[in-house]
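Visitor: File follows, upload_10.cif with mmCIF, C-alpha atoms:
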data_coords
#
loop_
_atom_site.group_PDB
_atom_site.id
_atom_site.type_symbol
_atom_site.label_atom_id
_atom_site.label_comp_id
_atom_site.auth_asym_id
_atom_site.auth_seq_id
_atom_site.Cartn_x
_atom_site.Cartn_y
_atom_site.Cartn_z
ATOM 1 C CA PHE A 20 133.551 89.976 164.111
ATOM 2 C CA PRO A 21 134.395 93.530 165.295
ATOM 3 C CA VAL A 22 134.247 94.501 168.957
ATOM 4 C CA THR A 23 131.379 96.835 169.758
ATOM 5 C CA ILE A 24 132.294 100.199 171.223
ATOM 6 C CA HIS A 25 128.728 101.509 171.122
ATOM 7 C CA GLY A 26 126.934 98.783 173.039
ATOM 8 C CA ALA A 27 123.583 100.592 172.912
ATOM 9 C CA GLY A 28 123.704 100.802 169.144
ATOM 10 C CA PHE A 29 124.958 103.311 166.606
ATOM 11 C CA GLU A 30 123.778 106.671 167.902
ATOM 12 C CA LYS A 31 124.865 109.073 165.177
ATOM 13 C CA GLU A 32 123.978 109.626 161.559
ATOM 14 C CA TRP A 33 126.121 107.857 159.015
ATOM 15 C CA ARG A 34 126.512 109.684 155.724
ATOM 16 C CA GLY A 35 122.951 110.993 155.846
ATOM 17 C CA TYR A 36 121.204 107.976 157.395
ATOM 18 C CA LYS A 37 119.858 107.957 160.930
ATOM 19 C CA GLY A 38 121.529 105.946 163.645
ATOM 20 C CA LYS A 39 118.229 104.233 164.441
ATOM 21 C CA LEU A 40 118.188 102.635 160.974
ATOM 22 C CA ILE A 41 121.879 101.721 161.206
ATOM 23 C CA THR A 42 121.186 100.010 164.526
ATOM 24 C CA LYS A 43 118.257 98.048 163.043
ATOM 25 C CA LEU A 44 120.738 96.621 160.560
ATOM 26 C CA GLY A 45 123.181 95.722 163.334
ATOM 27 C CA GLY A 46 125.656 98.477 162.461
ATOM 28 C CA GLN A 47 128.426 98.926 165.027
ATOM 29 C CA MET A 48 131.541 101.074 165.150
ATOM 30 C CA TYR A 49 134.847 99.391 165.810
ATOM 31 C CA HIS A 50 138.507 100.279 165.959
ATOM 32 C CA GLU A 51 140.951 99.045 163.327
ATOM 33 C CA PRO A 52 144.283 98.864 165.224
ATOM 34 C CA LYS A 53 146.527 98.494 162.159
ATOM 35 C CA LYS A 54 145.302 101.743 160.608
ATOM 36 C CA ASP A 55 144.291 103.404 163.877
ATOM 37 C CA GLU A 56 140.852 104.415 162.644
ATOM 38 C CA LEU A 57 137.181 103.851 163.336
ATOM 39 C CA LEU A 58 135.073 101.909 160.881
ATOM 40 C CA LEU A 59 131.408 100.964 160.720
ATOM 41 C CA ALA A 60 130.641 97.254 160.500
ATOM 42 C CA PHE A 61 127.412 95.729 159.225
ATOM 43 C CA PRO A 62 126.741 92.042 159.890
ATOM 44 C CA ILE A 63 124.862 90.294 157.081
ATOM 45 C CA TYR A 64 122.081 88.079 158.389
ATOM 46 C CA ILE A 65 119.813 85.791 156.400
ATOM 47 C CA ASN A 66 116.937 84.388 158.441
ATOM 48 C CA GLY A 67 118.786 85.223 161.635
ATOM 49 C CA LYS A 68 122.009 83.453 160.658
ATOM 50 C CA LEU A 69 125.215 85.464 160.362
ATOM 51 C CA ARG A 70 126.717 84.979 156.899
ATOM 52 C CA GLY A 71 129.452 87.605 156.730
ATOM 53 C CA GLY A 72 129.972 91.301 157.125
ATOM 54 C CA VAL A 73 130.663 94.604 155.422
ATOM 55 C CA ARG A 74 133.081 97.189 156.757
ATOM 56 C CA ALA A 75 132.509 100.800 155.766
ATOM 57 C CA LEU A 76 134.448 104.034 156.114
ATOM 58 C CA LEU A 77 132.753 106.576 158.359
ATOM 59 C CA LYS A 78 133.487 109.226 155.726
ATOM 60 C CA LYS A 79 133.983 108.725 152.012
ATOM 61 C CA THR A 80 137.631 109.127 151.047
ATOM 62 C CA GLU A 81 138.983 109.520 147.519
ATOM 63 C CA LYS A 82 141.061 106.619 146.180
ATOM 64 C CA ARG A 83 139.879 104.293 148.962
ATOM 65 C CA ALA A 84 137.187 101.659 148.652
ATOM 66 C CA SER A 85 134.132 102.723 150.646
ATOM 67 C CA TYR A 86 133.317 99.106 151.548
ATOM 68 C CA LEU A 87 135.216 95.913 152.290
ATOM 69 C CA THR A 88 133.584 92.540 152.780
ATOM 70 C CA THR A 89 134.852 89.899 155.160
ATOM 71 C CA GLU A 90 136.760 87.041 153.545
ATOM 72 C CA GLY A 91 135.093 84.067 151.897
ATOM 73 C CA LYS A 92 132.839 83.091 149.016
ATOM 74 C CA TRP A 93 129.715 83.986 150.986
ATOM 75 C CA VAL A 94 129.304 87.284 149.091
ATOM 76 C CA LYS A 95 128.274 85.490 145.893
ATOM 77 C CA THR A 96 125.712 83.217 147.543
ATOM 78 C CA HIS A 97 124.625 84.998 150.740
ATOM 79 C CA GLY A 98 125.653 88.629 150.332
ATOM 80 C CA LEU A 99 122.231 90.249 150.673
ATOM 81 C CA PHE A 100 122.619 93.391 152.793
ATOM 82 C CA GLY A 101 119.351 94.265 154.543
ATOM 83 C CA TYR A 102 117.690 90.888 153.939
ATOM 84 C CA ASP A 103 116.154 90.350 157.383
ATOM 85 C CA LEU A 104 114.903 93.943 157.626
ATOM 86 C CA ALA A 105 113.396 93.649 154.132
ATOM 87 C CA LYS A 106 111.679 90.464 155.284
ATOM 88 C CA LYS A 107 110.088 92.312 158.221
ATOM 89 C CA LEU A 108 108.894 95.147 155.955
ATOM 90 C CA ILE A 109 107.360 92.712 153.470
ATOM 91 C CA LYS A 110 105.425 91.013 156.258
ATOM 92 C CA LYS A 111 104.449 94.298 157.933
ATOM 93 C CA ARG A 112 103.168 95.901 154.731
ATOM 94 C CA GLY A 113 101.852 92.774 153.011
ATOM 95 C CA LEU A 114 104.002 93.365 149.938
ATOM 96 C CA LYS A 115 104.897 91.025 147.083
ATOM 97 C CA ARG A 116 107.958 92.816 145.694
ATOM 98 C CA VAL A 117 111.538 93.464 146.719
ATOM 99 C CA VAL A 118 114.117 95.815 145.183
ATOM 100 C CA ILE A 119 117.713 94.773 144.667
ATOM 101 C CA VAL A 120 120.476 97.369 144.364
ATOM 102 C CA GLU A 121 124.278 97.382 144.240
ATOM 103 C CA GLY A 122 125.611 98.815 147.501
ATOM 104 C CA PRO A 123 124.642 99.292 151.174
ATOM 105 C CA ARG A 124 123.779 102.996 150.955
ATOM 106 C CA ASP A 125 121.525 102.319 147.949
ATOM 107 C CA ALA A 126 119.601 99.839 150.087
ATOM 108 C CA LEU A 127 119.521 102.268 153.025
ATOM 109 C CA ARG A 128 117.820 104.898 150.841
ATOM 110 C CA LEU A 129 114.938 102.526 150.148
ATOM 111 C CA LEU A 130 114.778 100.887 153.577
ATOM 112 C CA SER A 131 114.590 104.319 155.206
ATOM 113 C CA ASN A 132 111.337 104.809 153.263
ATOM 114 C CA GLU A 133 110.029 101.376 154.346
ATOM 115 C CA ILE A 134 110.612 99.846 150.917
ATOM 116 C CA PRO A 135 112.056 96.324 151.195
ATOM 117 C CA ALA A 136 115.443 96.303 149.515
ATOM 118 C CA CYS A 137 118.636 94.253 149.485
ATOM 119 C CA ALA A 138 122.079 95.198 148.242
ATOM 120 C CA ILE A 139 123.840 92.406 146.371
ATOM 121 C CA LEU A 140 127.249 93.979 147.175
ATOM 122 C CA GLY A 141 128.541 94.414 143.651
ATOM 123 C CA THR A 142 127.140 94.135 140.146
ATOM 124 C CA GLN A 143 128.616 90.662 139.600
ATOM 125 C CA ASN A 144 127.643 89.175 142.953
ATOM 126 C CA PHE A 145 124.409 87.451 142.071
ATOM 127 C CA THR A 146 123.715 83.729 141.830
ATOM 128 C CA GLN A 147 120.725 81.432 141.710
ATOM 129 C CA THR A 148 121.168 80.888 145.464
ATOM 130 C CA LYS A 149 120.479 84.576 146.047
ATOM 131 C CA ALA A 150 117.521 84.408 143.709
ATOM 132 C CA MET A 151 116.084 81.559 145.767
ATOM 133 C CA TYR A 152 116.547 83.469 149.026
ATOM 134 C CA LEU A 153 114.768 86.471 147.529
ATOM 135 C CA THR A 154 111.807 84.448 146.298
ATOM 136 C CA GLY A 155 111.808 82.832 149.730
ATOM 137 C CA LEU A 156 110.652 86.212 151.041
ATOM 138 C CA GLY A 157 107.264 85.392 149.547
ATOM 139 C CA VAL A 158 107.580 87.905 146.700
ATOM 140 C CA ASP A 159 106.441 87.315 143.153
ATOM 141 C CA GLU A 160 108.524 90.101 141.599
ATOM 142 C CA ILE A 161 112.143 91.250 141.962
ATOM 143 C CA LEU A 162 112.778 94.850 140.929
ATOM 144 C CA ILE A 163 116.311 95.503 139.669
ATOM 145 C CA MET A 164 117.570 99.039 140.370
ATOM 146 C CA PRO A 165 121.294 99.394 139.636
ATOM 147 C CA ASP A 166 123.406 102.482 138.927
ATOM 148 C CA ASN A 167 122.873 104.105 135.527
ATOM 149 C CA ASP A 168 126.156 102.872 134.032
ATOM 150 C CA ARG A 169 127.339 99.891 131.981
ATOM 151 C CA ALA A 170 128.009 97.813 135.089
ATOM 152 C CA GLY A 171 124.397 98.423 136.075
ATOM 153 C CA LYS A 172 123.175 96.955 132.796
ATOM 154 C CA HIS A 173 125.408 93.944 133.369
ATOM 155 C CA MET A 174 123.780 93.508 136.777
ATOM 156 C CA ARG A 175 120.330 93.658 135.173
ATOM 157 C CA ASP A 176 121.205 90.949 132.651
ATOM 158 C CA LEU A 177 122.907 88.729 135.243
ATOM 159 C CA VAL A 178 119.963 88.903 137.644
ATOM 160 C CA ARG A 179 117.443 88.115 134.913
ATOM 161 C CA ARG A 180 119.515 85.126 133.843
ATOM 162 C CA GLU A 181 119.947 83.706 137.354
ATOM 163 C CA VAL A 182 116.346 84.311 138.413
ATOM 164 C CA GLY A 183 115.053 82.554 135.303
ATOM 165 C CA ASN A 184 111.501 81.329 135.840
ATOM 166 C CA LEU A 185 111.558 81.586 139.646
ATOM 167 C CA CYS A 186 109.567 84.826 139.560
ATOM 168 C CA LYS A 187 109.009 87.988 137.546
ATOM 169 C CA THR A 188 111.698 90.667 137.245
ATOM 170 C CA LYS A 189 111.416 94.328 136.350
ATOM 171 C CA TYR A 190 114.206 96.762 135.511
ATOM 172 C CA LEU A 191 113.930 100.170 137.186
ATOM 173 C CA ALA A 192 116.239 102.224 134.961
ATOM 174 C CA LEU A 193 117.609 105.482 136.303
ATOM 175 C CA PRO A 194 117.868 108.371 133.774
ATOM 176 C CA ARG A 195 121.054 108.766 131.740
ATOM 177 C CA GLU A 196 121.136 112.531 131.279
ATOM 178 C CA LYS A 197 124.309 114.257 130.088
ATOM 179 C CA GLY A 198 126.035 117.192 131.740
ATOM 180 C CA LYS A 199 127.605 120.224 130.071
ATOM 181 C CA ASP A 200 130.754 118.197 129.427
ATOM 182 C CA GLY A 201 128.767 115.670 127.412
ATOM 183 C CA LYS A 202 129.297 112.888 129.924
ATOM 184 C CA VAL A 203 126.451 110.917 131.502
ATOM 185 C CA ILE A 204 125.593 112.194 134.977
ATOM 186 C CA LYS A 205 126.116 109.227 137.291
ATOM 187 C CA LEU A 206 123.048 108.295 139.317
ATOM 188 C CA ASP A 207 122.434 105.546 141.826
ATOM 189 C CA PRO A 208 119.521 104.835 144.205
ATOM 190 C CA ASP A 209 121.372 106.655 146.984
ATOM 191 C CA ASN A 210 121.781 109.999 145.238
ATOM 192 C CA ALA A 211 118.879 109.972 142.748
ATOM 193 C CA PRO A 212 116.280 112.763 143.133
ATOM 194 C CA LYS A 213 113.326 111.842 145.317
ATOM 195 C CA GLU A 214 110.794 112.441 142.546
ATOM 196 C CA ILE A 215 112.166 109.626 140.370
ATOM 197 C CA MET A 216 112.326 107.031 143.154
ATOM 198 C CA PRO A 217 109.574 104.359 143.279
ATOM 199 C CA TYR A 218 108.071 105.474 146.597
ATOM 200 C CA ARG A 219 104.506 106.121 145.436
ATOM 201 C CA ASP A 220 104.135 102.707 143.817
ATOM 202 C CA TRP A 221 104.566 100.748 147.047
ATOM 203 C CA GLU A 222 101.056 100.100 148.253
#
Turn this file's structure into structure tokens for me.
Guide:
Amino acid sequence: FPVTIHGAGFEKEWRGYKGKLITKLGGQMYHEPKKDELLLAFPIYINGKLRGGVRALLKKTEKRASYLTTEGKWVKTHGLFGYDLAKKLIKKRGLKRVVIVEGPRDALRLLSNEIPACAILGTQNFTQTKAMYLTGLGVDEILIMPDNDRAGKHMRDLVRREVGNLCKTKYLALPREKGKDGKVIKLDPDNAPKEIMPYRDWE
């Protein structure tokens, strides 16, 4: 896994999220020699065991994928970004629910507000194994909060199918309002307005 160049943890903000939160998730900057650039790496832990990792650009760049996962089939079965931190929040707050979202920054938005959340790292990356890990958190309800597009609806249906009777599921649909051009305004948990996020319901 990447070599740490900030041994004391990630000290700066990353795309709007505080370095303290990034450090809690194990985020570390590293140098990519082939492209001569700095990237941010997140290890993915489940119950303290390293399962894989996500590499992220420090700044969003057009026509380049914002995230790359390390090689292997682990993403389908163990790709739950934020799992161990969500576990701590559930225990700390005595909660019985967890939110699942698509990408890392979506999860960061919720985790920064002490709401237990995991990113499944893509709308199609959900299996019964992940469902079992999530119910293993001691929750009795999984809240599904994808982007407000067609892929998001696919994620909703896939999760419901794989979870089956393991526990309850609830779909947290983001609004699908249209802009002046008639196209749906894209929303995700990272950029959605604060007033429509489920913060007040988490007691």
Visitor: Give me, as a VMD selection string, all polymer residues having an atom no more than 12 Å from A:Gly183, counting only C-alpha atoms and skipping those fewer than 5 positions away in the same chain.
Guide: chain A and resid 146 to 148 150 to 151 154 160 to 161 176 to 178 188
Visitor: Restricting the calculation to all atoms listed in the file: of A:Val118, A:Ile134, A:Leu191, A:Leu153, which residue gets closest to A:Ile65?
Guide: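 Result for the nearest residue to A:Ile65: A:Leu153.
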Visitor: Tell me which protein, DNA and RNA residues are within 10 Å of A:Asn210, counting only C-alpha atoms, leaving out same-chain ones fewer than 5 positions away, and put them as a list in words.
Guide: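 So the residues in contact are Arg124, Asp125, Arg128, Asp166 and Lys205 of chain A.
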Visitor: Can you work out the spacing between atom CA of A:Gly155 and atom CA of A:Arg175 in Å, to one decimal?
Guide: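 Spanning atom CA of A:Gly155 to atom CA of A:Arg175 is a straight-line distance of 20.0 Å.
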Visitor: Please tell me which residues are no farther than 12 Å from (114.5, 93.3, 142.6) in the file, counting all atoms listed in the file, and write them as number ranges by chain.
Guide: A: 99, 105, 115-121, 126, 129, 134-139, 145, 149-150, 152-154, 156, 158-165, 174-175, 178-179, 182, 186-192
Visitor: Which is closest to A:Gly141 among A:Lys53, A:Lys95, A:Lys172, A:Lys107, if we use all atoms listed in the file?
Guide: A:Lys95
Visitor: Closest to A:Lys54 among A:Asn144, A:Asn66, A:Val94, A:Leu76, using all atoms listed in the file?
Guide: A:Leu76
